[in-house]
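Everything below belongs to upload_20.pdb, which stores PDB, C-alpha atoms, pLDDT in the B column.
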```
ATOM      1  CA  MET A 198     -50.771 -44.658  -6.407  1.00 86.00           C
ATOM      2  CA  ALA A 199     -50.467 -43.579 -10.077  1.00 86.00           C
ATOM      3  CA  ARG A 200     -54.248 -43.260 -10.384  1.00 86.00           C
ATOM      4  CA  THR A 201     -54.390 -41.053  -7.284  1.00 90.00           C
ATOM      5  CA  ILE A 202     -51.633 -38.779  -8.608  1.00 89.00           C
ATOM      6  CA  LEU A 203     -53.384 -38.382 -11.963  1.00 89.00           C
ATOM      7  CA  LEU A 204     -56.797 -37.756 -10.420  1.00 88.00           C
ATOM      8  CA  ASP A 205     -55.315 -35.098  -8.109  1.00 89.00           C
ATOM      9  CA  LYS A 206     -53.607 -33.343 -11.028  1.00 86.00           C
ATOM     10  CA  LEU A 207     -56.651 -33.533 -13.303  1.00 88.00           C
ATOM     11  CA  THR A 208     -58.934 -32.199 -10.568  1.00 88.00           C
ATOM     12  CA  ALA A 209     -56.931 -28.969 -10.399  1.00 85.00           C
ATOM     13  CA  GLN A 210     -56.923 -28.313 -14.158  1.00 87.00           C
ATOM     14  CA  PRO A 211     -56.891 -30.114 -17.517  1.00 89.00           C
ATOM     15  CA  ARG A 212     -53.491 -31.447 -18.505  1.00 93.00           C
ATOM     16  CA  THR A 213     -51.915 -33.151 -21.478  1.00 95.00           C
ATOM     17  CA  ARG A 214     -50.865 -36.779 -21.499  1.00 95.00           C
ATOM     18  CA  SER A 215     -47.231 -35.659 -21.763  1.00 95.00           C
ATOM     19  CA  GLU A 216     -47.493 -33.437 -18.665  1.00 94.00           C
ATOM     20  CA  LEU A 217     -49.090 -36.251 -16.690  1.00 95.00           C
ATOM     21  CA  ALA A 218     -46.460 -38.761 -17.845  1.00 94.00           C
ATOM     22  CA  ASP A 219     -43.727 -36.360 -16.667  1.00 94.00           C
ATOM     23  CA  MET A 220     -45.431 -36.002 -13.280  1.00 93.00           C
ATOM     24  CA  LEU A 221     -45.596 -39.775 -12.859  1.00 94.00           C
ATOM     25  CA  ALA A 222     -41.930 -40.110 -13.840  1.00 94.00           C
ATOM     26  CA  GLU A 223     -40.997 -37.493 -11.210  1.00 94.00           C
ATOM     27  CA  ARG A 224     -42.774 -39.611  -8.604  1.00 93.00           C
ATOM     28  CA  ASP A 225     -40.774 -42.689  -9.697  1.00 93.00           C
ATOM     29  CA  ILE A 226     -43.815 -44.580 -10.978  1.00 92.00           C
ATOM     30  CA  PRO A 227     -42.566 -47.464 -13.185  1.00 93.00           C
ATOM     31  CA  ASP A 228     -42.982 -46.784 -16.917  1.00 92.00           C
ATOM     32  CA  ASP A 229     -45.203 -49.814 -17.544  1.00 93.00           C
ATOM     33  CA  VAL A 230     -47.579 -48.848 -14.717  1.00 93.00           C
ATOM     34  CA  ALA A 231     -47.640 -45.194 -15.835  1.00 94.00           C
ATOM     35  CA  SER A 232     -48.334 -46.179 -19.424  1.00 94.00           C
ATOM     36  CA  ALA A 233     -51.168 -48.518 -18.443  1.00 95.00           C
ATOM     37  CA  VAL A 234     -52.838 -45.901 -16.235  1.00 94.00           C
ATOM     38  CA  LEU A 235     -52.401 -43.158 -18.837  1.00 95.00           C
ATOM     39  CA  ASP A 236     -53.882 -45.443 -21.509  1.00 95.00           C
ATOM     40  CA  ARG A 237     -56.882 -46.196 -19.312  1.00 94.00           C
ATOM     41  CA  PHE A 238     -57.460 -42.514 -18.486  1.00 94.00           C
ATOM     42  CA  THR A 239     -57.257 -41.688 -22.198  1.00 94.00           C
ATOM     43  CA  GLU A 240     -59.643 -44.522 -23.037  1.00 94.00           C
ATOM     44  CA  VAL A 241     -62.315 -43.245 -20.618  1.00 93.00           C
ATOM     45  CA  GLY A 242     -61.858 -39.619 -21.748  1.00 91.00           C
ATOM     46  CA  LEU A 243     -60.157 -38.149 -18.692  1.00 93.00           C
ATOM     47  CA  ILE A 244     -57.130 -37.330 -20.824  1.00 94.00           C
ATOM     48  CA  ASP A 245     -57.908 -35.780 -24.210  1.00 95.00           C
ATOM     49  CA  ASP A 246     -55.072 -33.837 -25.804  1.00 95.00           C
ATOM     50  CA  ALA A 247     -57.235 -32.656 -28.718  1.00 95.00           C
ATOM     51  CA  ALA A 248     -59.853 -31.163 -26.377  1.00 94.00           C
ATOM     52  CA  PHE A 249     -57.067 -29.692 -24.245  1.00 95.00           C
ATOM     53  CA  ALA A 250     -55.470 -28.054 -27.299  1.00 96.00           C
ATOM     54  CA  ASN A 251     -58.784 -26.579 -28.492  1.00 95.00           C
ATOM     55  CA  ALA A 252     -59.611 -25.191 -25.048  1.00 94.00           C
ATOM     56  CA  TRP A 253     -56.062 -23.858 -24.582  1.00 95.00           C
ATOM     57  CA  VAL A 254     -56.093 -22.027 -27.920  1.00 95.00           C
ATOM     58  CA  GLU A 255     -59.497 -20.493 -27.220  1.00 93.00           C
ATOM     59  CA  SER A 256     -58.616 -19.464 -23.677  1.00 93.00           C
ATOM     60  CA  ARG A 257     -55.140 -18.048 -24.337  1.00 95.00           C
ATOM     61  CA  HIS A 258     -56.212 -16.226 -27.489  1.00 95.00           C
ATOM     62  CA  ARG A 259     -59.174 -14.546 -25.800  1.00 92.00           C
ATOM     63  CA  GLY A 260     -57.549 -14.025 -22.412  1.00 92.00           C
ATOM     64  CA  ARG A 261     -53.999 -13.069 -23.338  1.00 94.00           C
ATOM     65  CA  GLY A 262     -54.434 -12.072 -26.973  1.00 95.00           C
ATOM     66  CA  LEU A 263     -51.839 -14.562 -28.188  1.00 96.00           C
ATOM     67  CA  GLY A 264     -51.379 -15.207 -31.900  1.00 95.00           C
ATOM     68  CA  LYS A 265     -50.995 -18.573 -33.602  1.00 94.00           C
ATOM     69  CA  ARG A 266     -47.203 -18.735 -33.394  1.00 94.00           C
ATOM     70  CA  ALA A 267     -47.128 -18.133 -29.633  1.00 96.00           C
ATOM     71  CA  LEU A 268     -49.986 -20.578 -29.093  1.00 97.00           C
ATOM     72  CA  ALA A 269     -48.178 -23.241 -31.136  1.00 96.00           C
ATOM     73  CA  GLN A 270     -45.072 -22.812 -28.984  1.00 96.00           C
ATOM     74  CA  GLU A 271     -47.094 -23.123 -25.788  1.00 96.00           C
ATOM     75  CA  LEU A 272     -48.832 -26.279 -27.023  1.00 97.00           C
ATOM     76  CA  ARG A 273     -45.481 -27.774 -28.006  1.00 96.00           C
ATOM     77  CA  ARG A 274     -44.128 -27.053 -24.498  1.00 96.00           C
ATOM     78  CA  LYS A 275     -47.202 -28.747 -23.048  1.00 95.00           C
ATOM     79  CA  GLY A 276     -46.427 -31.857 -25.086  1.00 95.00           C
ATOM     80  CA  VAL A 277     -49.350 -31.660 -27.502  1.00 96.00           C
ATOM     81  CA  ASP A 278     -48.785 -33.568 -30.746  1.00 94.00           C
ATOM     82  CA  ASP A 279     -48.028 -31.222 -33.686  1.00 95.00           C
ATOM     83  CA  GLU A 280     -50.994 -32.476 -35.695  1.00 96.00           C
ATOM     84  CA  LEU A 281     -53.420 -31.932 -32.800  1.00 95.00           C
ATOM     85  CA  ALA A 282     -51.947 -28.472 -32.236  1.00 96.00           C
ATOM     86  CA  ARG A 283     -52.334 -27.617 -35.924  1.00 96.00           C
ATOM     87  CA  ASP A 284     -55.972 -28.753 -35.857  1.00 96.00           C
ATOM     88  CA  ALA A 285     -56.672 -26.605 -32.798  1.00 96.00           C
ATOM     89  CA  LEU A 286     -54.935 -23.579 -34.333  1.00 96.00           C
ATOM     90  CA  ASP A 287     -56.891 -24.018 -37.569  1.00 95.00           C
ATOM     91  CA  GLU A 288     -60.065 -23.480 -35.523  1.00 92.00           C
ATOM     92  CA  LEU A 289     -58.883 -19.944 -34.754  1.00 91.00           C
ATOM     93  CA  ASP A 290     -60.659 -17.645 -37.200  1.00 91.00           C
ATOM     94  CA  PRO A 291     -58.217 -15.342 -39.084  1.00 90.00           C
ATOM     95  CA  ASP A 292     -60.699 -12.460 -38.736  1.00 93.00           C
ATOM     96  CA  GLN A 293     -60.820 -13.028 -34.979  1.00 92.00           C
ATOM     97  CA  GLU A 294     -57.023 -13.117 -34.811  1.00 93.00           C
ATOM     98  CA  GLU A 295     -56.849  -9.805 -36.675  1.00 95.00           C
ATOM     99  CA  ALA A 296     -59.540  -8.248 -34.469  1.00 95.00           C
ATOM    100  CA  THR A 297     -57.677  -9.335 -31.341  1.00 95.00           C
ATOM    101  CA  ALA A 298     -54.392  -7.885 -32.621  1.00 96.00           C
ATOM    102  CA  ARG A 299     -56.163  -4.643 -33.522  1.00 96.00           C
ATOM    103  CA  ALA A 300     -57.693  -4.403 -30.029  1.00 95.00           C
ATOM    104  CA  LEU A 301     -54.266  -4.975 -28.439  1.00 96.00           C
ATOM    105  CA  VAL A 302     -52.767  -2.176 -30.553  1.00 96.00           C
ATOM    106  CA  ARG A 303     -55.589   0.245 -29.717  1.00 94.00           C
ATOM    107  CA  ARG A 304     -55.286  -0.452 -26.007  1.00 93.00           C
ATOM    108  CA  LYS A 305     -51.503  -0.009 -26.057  1.00 94.00           C
ATOM    109  CA  MET A 306     -51.713   3.186 -28.124  1.00 91.00           C
ATOM    110  CA  ARG A 307     -53.544   4.978 -25.313  1.00 88.00           C
ATOM    111  CA  SER A 308     -50.294   5.121 -23.341  1.00 88.00           C
ATOM    112  CA  MET A 309     -48.234   6.204 -26.366  1.00 87.00           C
ATOM    113  CA  ARG A 310     -49.760   9.584 -27.233  1.00 81.00           C
ATOM    114  CA  SER A 311     -46.595  11.476 -26.301  1.00 83.00           C
ATOM    115  CA  LEU A 312     -44.227   9.217 -28.257  1.00 86.00           C
ATOM    116  CA  ASP A 313     -42.689   9.849 -31.638  1.00 88.00           C
ATOM    117  CA  ARG A 314     -44.502   7.957 -34.389  1.00 87.00           C
ATOM    118  CA  GLN A 315     -41.479   5.732 -35.197  1.00 91.00           C
ATOM    119  CA  VAL A 316     -40.990   4.811 -31.529  1.00 93.00           C
ATOM    120  CA  ALA A 317     -44.684   4.020 -31.169  1.00 92.00           C
ATOM    121  CA  MET A 318     -44.589   1.886 -34.319  1.00 94.00           C
ATOM    122  CA  ARG A 319     -41.519  -0.028 -33.143  1.00 95.00           C
ATOM    123  CA  ARG A 320     -43.048  -0.717 -29.721  1.00 95.00           C
ATOM    124  CA  LEU A 321     -46.391  -1.812 -31.152  1.00 96.00           C
ATOM    125  CA  LEU A 322     -44.721  -4.130 -33.666  1.00 96.00           C
ATOM    126  CA  GLY A 323     -42.571  -5.594 -30.887  1.00 96.00           C
ATOM    127  CA  MET A 324     -45.609  -6.228 -28.696  1.00 96.00           C
ATOM    128  CA  LEU A 325     -47.427  -8.048 -31.504  1.00 97.00           C
ATOM    129  CA  ALA A 326     -44.316 -10.068 -32.367  1.00 96.00           C
ATOM    130  CA  ARG A 327     -43.939 -11.205 -28.742  1.00 96.00           C
ATOM    131  CA  LYS A 328     -47.573 -12.260 -28.753  1.00 96.00           C
ATOM    132  CA  GLY A 329     -46.993 -14.418 -31.833  1.00 95.00           C
ATOM    133  CA  TYR A 330     -48.563 -12.418 -34.660  1.00 96.00           C
ATOM    134  CA  PRO A 331     -47.011 -12.628 -38.145  1.00 94.00           C
ATOM    135  CA  GLY A 332     -44.963  -9.624 -39.232  1.00 93.00           C
ATOM    136  CA  GLY A 333     -47.063  -8.722 -42.268  1.00 94.00           C
ATOM    137  CA  LEU A 334     -50.311  -8.703 -40.310  1.00 95.00           C
ATOM    138  CA  ALA A 335     -48.695  -6.751 -37.481  1.00 96.00           C
ATOM    139  CA  MET A 336     -47.299  -4.099 -39.839  1.00 96.00           C
ATOM    140  CA  THR A 337     -50.635  -3.660 -41.629  1.00 96.00           C
ATOM    141  CA  ILE A 338     -52.587  -3.274 -38.391  1.00 96.00           C
ATOM    142  CA  VAL A 339     -50.073  -0.934 -36.750  1.00 95.00           C
ATOM    143  CA  LYS A 340     -49.922   1.325 -39.828  1.00 94.00           C
ATOM    144  CA  GLN A 341     -53.721   1.436 -40.102  1.00 94.00           C
ATOM    145  CA  GLU A 342     -54.226   2.134 -36.416  1.00 92.00           C
ATOM    146  CA  LEU A 343     -51.534   4.825 -36.310  1.00 90.00           C
ATOM    147  CA  ALA A 344     -53.068   6.493 -39.369  1.00 89.00           C
ATOM    148  CA  ALA A 345     -56.539   6.363 -37.788  1.00 87.00           C
ATOM    149  CA  SER A 346     -55.144   7.720 -34.531  1.00 81.00           C
ATOM    150  CA  ASP A 347     -53.424  10.599 -36.375  1.00 72.00           C
ATOM    151  CA  GLU A 348     -56.789  11.607 -37.806  1.00 64.00           C
ATOM    152  CA  GLU A 349     -58.472  11.553 -34.390  1.00 58.00           C
ATOM    153  CA  LEU A 350     -55.672  13.031 -32.275  1.00 53.00           C
ATOM    154  CA  PRO A 351     -52.445  13.806 -34.134  1.00 53.00           C
ATOM    155  CA  LEU A 352     -49.173  12.776 -32.504  1.00 51.00           C
ATOM    156  CA  LEU A 353     -46.902  15.665 -31.622  1.00 49.00           C
ATOM    157  CA  ASN A 354     -43.623  16.163 -33.431  1.00 49.00           C
ATOM    158  CA  ASP A 355     -40.338  16.923 -31.589  1.00 47.00           C
ATOM    159  CA  SER A 356     -41.109  20.656 -31.284  1.00 46.00           C
ATOM    160  CA  GLY A 357     -44.349  19.992 -29.413  1.00 47.00           C
ATOM    161  CA  LEU A 358     -46.360  21.317 -32.341  1.00 45.00           C
ATOM    162  CA  GLU A 359     -48.766  19.157 -34.282  1.00 49.00           C
ATOM    163  CA  ALA A 360     -47.219  17.232 -37.147  1.00 46.00           C
ATOM    164  CA  GLU A 361     -48.057  18.686 -40.558  1.00 45.00           C
TER     165      GLU A 361
END
```

With the file now loaded, output its structure as C-alpha cells.
Amino acid sequence: MARTILLDKLTAQPRTRSELADMLAERDIPDDVASAVLDRFTEVGLIDDAAFANAWVESRHRGRGLGKRALAQELRRKGVDDELARDALDELDPDQEEATARALVRRKMRSMRSLDRQVAMRRLLGMLARKGYPGGLAMTIVKQELAASDEELPLLNDSGLEAE
C-alpha cells in the first residue's frame, strides 16, 4: 500500500522525502513501514532531495524570477534539509540572479510610465523584495533602471511636463 501511494505521487511530479512522509502519515501508514519504504525508495534513487532542490531552484528562478531568499523559504516548506538547500542555492550564479531581477524590473516598468518616480521606485523595490532579492541589490538595480529609463523616455512630473 505504501509503495503504491509513493509511486502514484512520484509519477505526478518529483517530491521531497518529507512531503512523501507526510502523505504516508495522512494515509495512516505505520511509521516503521513508511520509514522502510522511504529508505528503499531513497536507496534506489526514486527519492533524491538534493536533485529535487537543484531542479526546484533552477525551475523557480527561471520561471518565476524568484531570488535566493524566496527559494530558500520554499525549499524549507518542502522539507529540504538546510544544507542541501544551501548547496542548491549556491549553484545559482549571482550574475544570473542580477540579470533576472533586472529583467523583472524592466518588464514591470513598462506599466509604470505614468507614475511618479518615487511611487515607481517603491513599487519596484516591493516587487523585488517579495520575490526574495536582497535590498541592496534591489536598490542598485531599480536606481540604474530608472535612470536608464529617464534617458530613453523621461517620466512626467506632476504638472504633466517633462521633469527637468

Between CA of Ser346 in chain A and CA of Met309 in chain A, what is the spacing in Å?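 Those two atoms sit 10.8 Å apart.
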
Do you know which residues are at most 10 Å from range 259-261 of chain A counting only C-alpha atoms, after dropping those on the same chain fewer than 5 positions away, and could you put them as a list in words?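 Close residues of range 259-261 of chain A: Trp253, Val254, Gln293, Glu294, Thr297, Leu301 and Lys328 of chain A.
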
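Reported to one decimal place, the separation of CA of Ala298 in chain A from CA of Leu334 in chain A is 8.7 Å.
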
Applying the PyMOL selection byres ((chain A and resi 267) around 9) to the file I just gave you, which residues come out? Please list them as a PyMOL selection string. chain A and resi 263-266+268-272+326-330

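When CA of Arg299 in chain A is paired with CA of Arg283 in chain A, their separation reads 23.4 Å.
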
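The residues returned by the PyMOL selection byres ((chain A and resi 250) around 9) on the shown structure are Thr213, Asp245, Asp246, Ala247, Ala248, Phe249, Asn251, Ala252, Trp253, Val254, Glu255, Leu272, Val277, Leu281, Ala282, Asp284, Ala285 and Leu286 of chain A.
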
Selection in question (the file shown): the PyMOL selection byres ((chain A and resi 337) around 12). Which residues does it include, as a list in words? Glu295, Ala298, Arg299, Val302, Met318, Leu321, Leu322, Leu325, Tyr330, Pro331, Gly332, Gly333, Leu334, Ala335, Met336, Ile338, Val339, Lys340, Gln341, Glu342, Leu343 and Ala344 of chain A

A:Ala345, A:Ala233, A:Leu204, A:Leu217: which is nearest Lys275 in chain A, counting only C-alpha atoms?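 Nearest candidate to Lys275 in chain A out of A:Ala345, A:Ala233, A:Leu204, A:Leu217: A:Leu217.
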
Skipping near chain neighbours, those fewer than 2 positions away, what residues fall within 9 Å of Ala218 in chain A using only C-alpha atoms, listed as an NGL selection string? :A and (213-216 or 220-223 or 228 or 231-232 or 235)

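Each of A:Ala296, A:Val234, A:Ile226, A:Leu243 was checked against Leu207 in chain A using all atoms listed in the file; the smallest atom-to-atom distance is that of A:Leu243.
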
Assuming 8 Å of padding per side, give the centre and edge lengths of the axis-aligned box around every listed atom of range 324-329 of chain A, in Å to one decimal and as lines of an AutoDock Vina configuration file.
```
center_x = -45.8
center_y = -10.3
center_z = -30.5
size_x = 19.6
size_y = 24.2
size_z = 19.7
```

Restricting the calculation to all atoms listed in the file, which member of A:Phe238, A:Asp229, A:Ile244, A:Gly262 is positioned closest to Gln210 in chain A? A:Ile244

Using the partial input, fill out range 289-300 of chain A with all heavy atoms; write the result as a PDB file, keeping the file's coordinate frame.
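Here's the written file selection12.pdb:
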```
ATOM      1  N   LEU A 289     -58.945 -21.375 -35.049  1.00 91.00           N
ATOM      2  CA  LEU A 289     -58.883 -19.944 -34.754  1.00 91.00           C
ATOM      3  C   LEU A 289     -59.157 -19.169 -36.038  1.00 91.00           C
ATOM      4  O   LEU A 289     -58.419 -19.273 -37.015  1.00 91.00           O
ATOM      5  CB  LEU A 289     -57.501 -19.596 -34.202  1.00 91.00           C
ATOM      6  CG  LEU A 289     -57.286 -18.225 -33.624  1.00 91.00           C
ATOM      7  CD1 LEU A 289     -58.262 -17.959 -32.487  1.00 91.00           C
ATOM      8  CD2 LEU A 289     -55.861 -18.087 -33.122  1.00 91.00           C
ATOM      9  N   ASP A 290     -60.227 -18.405 -36.033  1.00 91.00           N
ATOM     10  CA  ASP A 290     -60.659 -17.645 -37.200  1.00 91.00           C
ATOM     11  C   ASP A 290     -59.664 -16.513 -37.500  1.00 91.00           C
ATOM     12  O   ASP A 290     -59.341 -15.729 -36.595  1.00 91.00           O
ATOM     13  CB  ASP A 290     -62.053 -17.080 -36.919  1.00 91.00           C
ATOM     14  CG  ASP A 290     -62.608 -16.258 -38.055  1.00 91.00           C
ATOM     15  OD1 ASP A 290     -62.229 -16.502 -39.211  1.00 91.00           O
ATOM     16  OD2 ASP A 290     -63.443 -15.375 -37.780  1.00 91.00           O
ATOM     17  N   PRO A 291     -59.158 -16.414 -38.742  1.00 90.00           N
ATOM     18  CA  PRO A 291     -58.217 -15.342 -39.084  1.00 90.00           C
ATOM     19  C   PRO A 291     -58.786 -13.945 -38.810  1.00 90.00           C
ATOM     20  O   PRO A 291     -58.057 -13.042 -38.401  1.00 90.00           O
ATOM     21  CB  PRO A 291     -57.958 -15.539 -40.578  1.00 90.00           C
ATOM     22  CG  PRO A 291     -58.317 -16.952 -40.855  1.00 90.00           C
ATOM     23  CD  PRO A 291     -59.388 -17.316 -39.866  1.00 90.00           C
ATOM     24  N   ASP A 292     -60.086 -13.761 -39.023  1.00 93.00           N
ATOM     25  CA  ASP A 292     -60.699 -12.460 -38.736  1.00 93.00           C
ATOM     26  C   ASP A 292     -60.666 -12.165 -37.239  1.00 93.00           C
ATOM     27  O   ASP A 292     -60.457 -11.024 -36.820  1.00 93.00           O
ATOM     28  CB  ASP A 292     -62.140 -12.420 -39.244  1.00 93.00           C
ATOM     29  CG  ASP A 292     -62.216 -12.472 -40.767  1.00 93.00           C
ATOM     30  OD1 ASP A 292     -61.221 -12.104 -41.428  1.00 93.00           O
ATOM     31  OD2 ASP A 292     -63.261 -12.890 -41.293  1.00 93.00           O
ATOM     32  N   GLN A 293     -60.868 -13.205 -36.428  1.00 92.00           N
ATOM     33  CA  GLN A 293     -60.820 -13.028 -34.979  1.00 92.00           C
ATOM     34  C   GLN A 293     -59.394 -12.707 -34.531  1.00 92.00           C
ATOM     35  O   GLN A 293     -59.172 -11.868 -33.674  1.00 92.00           O
ATOM     36  CB  GLN A 293     -61.318 -14.304 -34.266  1.00 92.00           C
ATOM     37  CG  GLN A 293     -61.224 -14.242 -32.750  1.00 92.00           C
ATOM     38  CD  GLN A 293     -62.046 -13.116 -32.160  1.00 92.00           C
ATOM     39  OE1 GLN A 293     -63.169 -12.885 -32.572  1.00 92.00           O
ATOM     40  NE2 GLN A 293     -61.487 -12.401 -31.205  1.00 92.00           N
ATOM     41  N   GLU A 294     -58.420 -13.376 -35.147  1.00 93.00           N
ATOM     42  CA  GLU A 294     -57.023 -13.117 -34.811  1.00 93.00           C
ATOM     43  C   GLU A 294     -56.662 -11.661 -35.140  1.00 93.00           C
ATOM     44  O   GLU A 294     -56.030 -10.970 -34.350  1.00 93.00           O
ATOM     45  CB  GLU A 294     -56.110 -14.085 -35.563  1.00 93.00           C
ATOM     46  CG  GLU A 294     -54.668 -13.995 -35.133  1.00 93.00           C
ATOM     47  CD  GLU A 294     -53.764 -14.997 -35.830  1.00 93.00           C
ATOM     48  OE1 GLU A 294     -54.068 -15.422 -36.962  1.00 93.00           O
ATOM     49  OE2 GLU A 294     -52.736 -15.348 -35.235  1.00 93.00           O
ATOM     50  N   GLU A 295     -57.121 -11.193 -36.296  1.00 95.00           N
ATOM     51  CA  GLU A 295     -56.849  -9.805 -36.675  1.00 95.00           C
ATOM     52  C   GLU A 295     -57.549  -8.831 -35.727  1.00 95.00           C
ATOM     53  O   GLU A 295     -56.973  -7.834 -35.300  1.00 95.00           O
ATOM     54  CB  GLU A 295     -57.302  -9.543 -38.107  1.00 95.00           C
ATOM     55  CG  GLU A 295     -57.043  -8.113 -38.548  1.00 95.00           C
ATOM     56  CD  GLU A 295     -57.490  -7.825 -39.969  1.00 95.00           C
ATOM     57  OE1 GLU A 295     -57.595  -8.765 -40.776  1.00 95.00           O
ATOM     58  OE2 GLU A 295     -57.736  -6.642 -40.253  1.00 95.00           O
ATOM     59  N   ALA A 296     -58.789  -9.120 -35.382  1.00 95.00           N
ATOM     60  CA  ALA A 296     -59.540  -8.248 -34.469  1.00 95.00           C
ATOM     61  C   ALA A 296     -58.870  -8.186 -33.098  1.00 95.00           C
ATOM     62  O   ALA A 296     -58.794  -7.112 -32.483  1.00 95.00           O
ATOM     63  CB  ALA A 296     -60.982  -8.744 -34.335  1.00 95.00           C
ATOM     64  N   THR A 297     -58.350  -9.304 -32.639  1.00 95.00           N
ATOM     65  CA  THR A 297     -57.677  -9.335 -31.341  1.00 95.00           C
ATOM     66  C   THR A 297     -56.395  -8.505 -31.394  1.00 95.00           C
ATOM     67  O   THR A 297     -56.112  -7.724 -30.485  1.00 95.00           O
ATOM     68  CB  THR A 297     -57.364 -10.789 -30.928  1.00 95.00           C
ATOM     69  OG1 THR A 297     -58.588 -11.516 -30.864  1.00 95.00           O
ATOM     70  CG2 THR A 297     -56.672 -10.846 -29.583  1.00 95.00           C
ATOM     71  N   ALA A 298     -55.626  -8.661 -32.464  1.00 96.00           N
ATOM     72  CA  ALA A 298     -54.392  -7.885 -32.621  1.00 96.00           C
ATOM     73  C   ALA A 298     -54.710  -6.391 -32.680  1.00 96.00           C
ATOM     74  O   ALA A 298     -54.026  -5.568 -32.066  1.00 96.00           O
ATOM     75  CB  ALA A 298     -53.649  -8.318 -33.887  1.00 96.00           C
ATOM     76  N   ARG A 299     -55.754  -6.051 -33.397  1.00 96.00           N
ATOM     77  CA  ARG A 299     -56.163  -4.643 -33.522  1.00 96.00           C
ATOM     78  C   ARG A 299     -56.558  -4.074 -32.146  1.00 96.00           C
ATOM     79  O   ARG A 299     -56.189  -2.954 -31.786  1.00 96.00           O
ATOM     80  CB  ARG A 299     -57.316  -4.543 -34.515  1.00 96.00           C
ATOM     81  CG  ARG A 299     -57.558  -3.162 -35.047  1.00 96.00           C
ATOM     82  CD  ARG A 299     -58.584  -3.189 -36.183  1.00 96.00           C
ATOM     83  NE  ARG A 299     -58.120  -3.866 -37.384  1.00 96.00           N
ATOM     84  CZ  ARG A 299     -57.296  -3.333 -38.277  1.00 96.00           C
ATOM     85  NH1 ARG A 299     -56.836  -2.114 -38.110  1.00 96.00           N
ATOM     86  NH2 ARG A 299     -56.943  -4.018 -39.350  1.00 96.00           N
ATOM     87  N   ALA A 300     -57.283  -4.854 -31.367  1.00 95.00           N
ATOM     88  CA  ALA A 300     -57.693  -4.403 -30.029  1.00 95.00           C
ATOM     89  C   ALA A 300     -56.472  -4.218 -29.125  1.00 95.00           C
ATOM     90  O   ALA A 300     -56.411  -3.252 -28.344  1.00 95.00           O
ATOM     91  CB  ALA A 300     -58.661  -5.413 -29.414  1.00 95.00           C
TER      92      ALA A 300
END
```
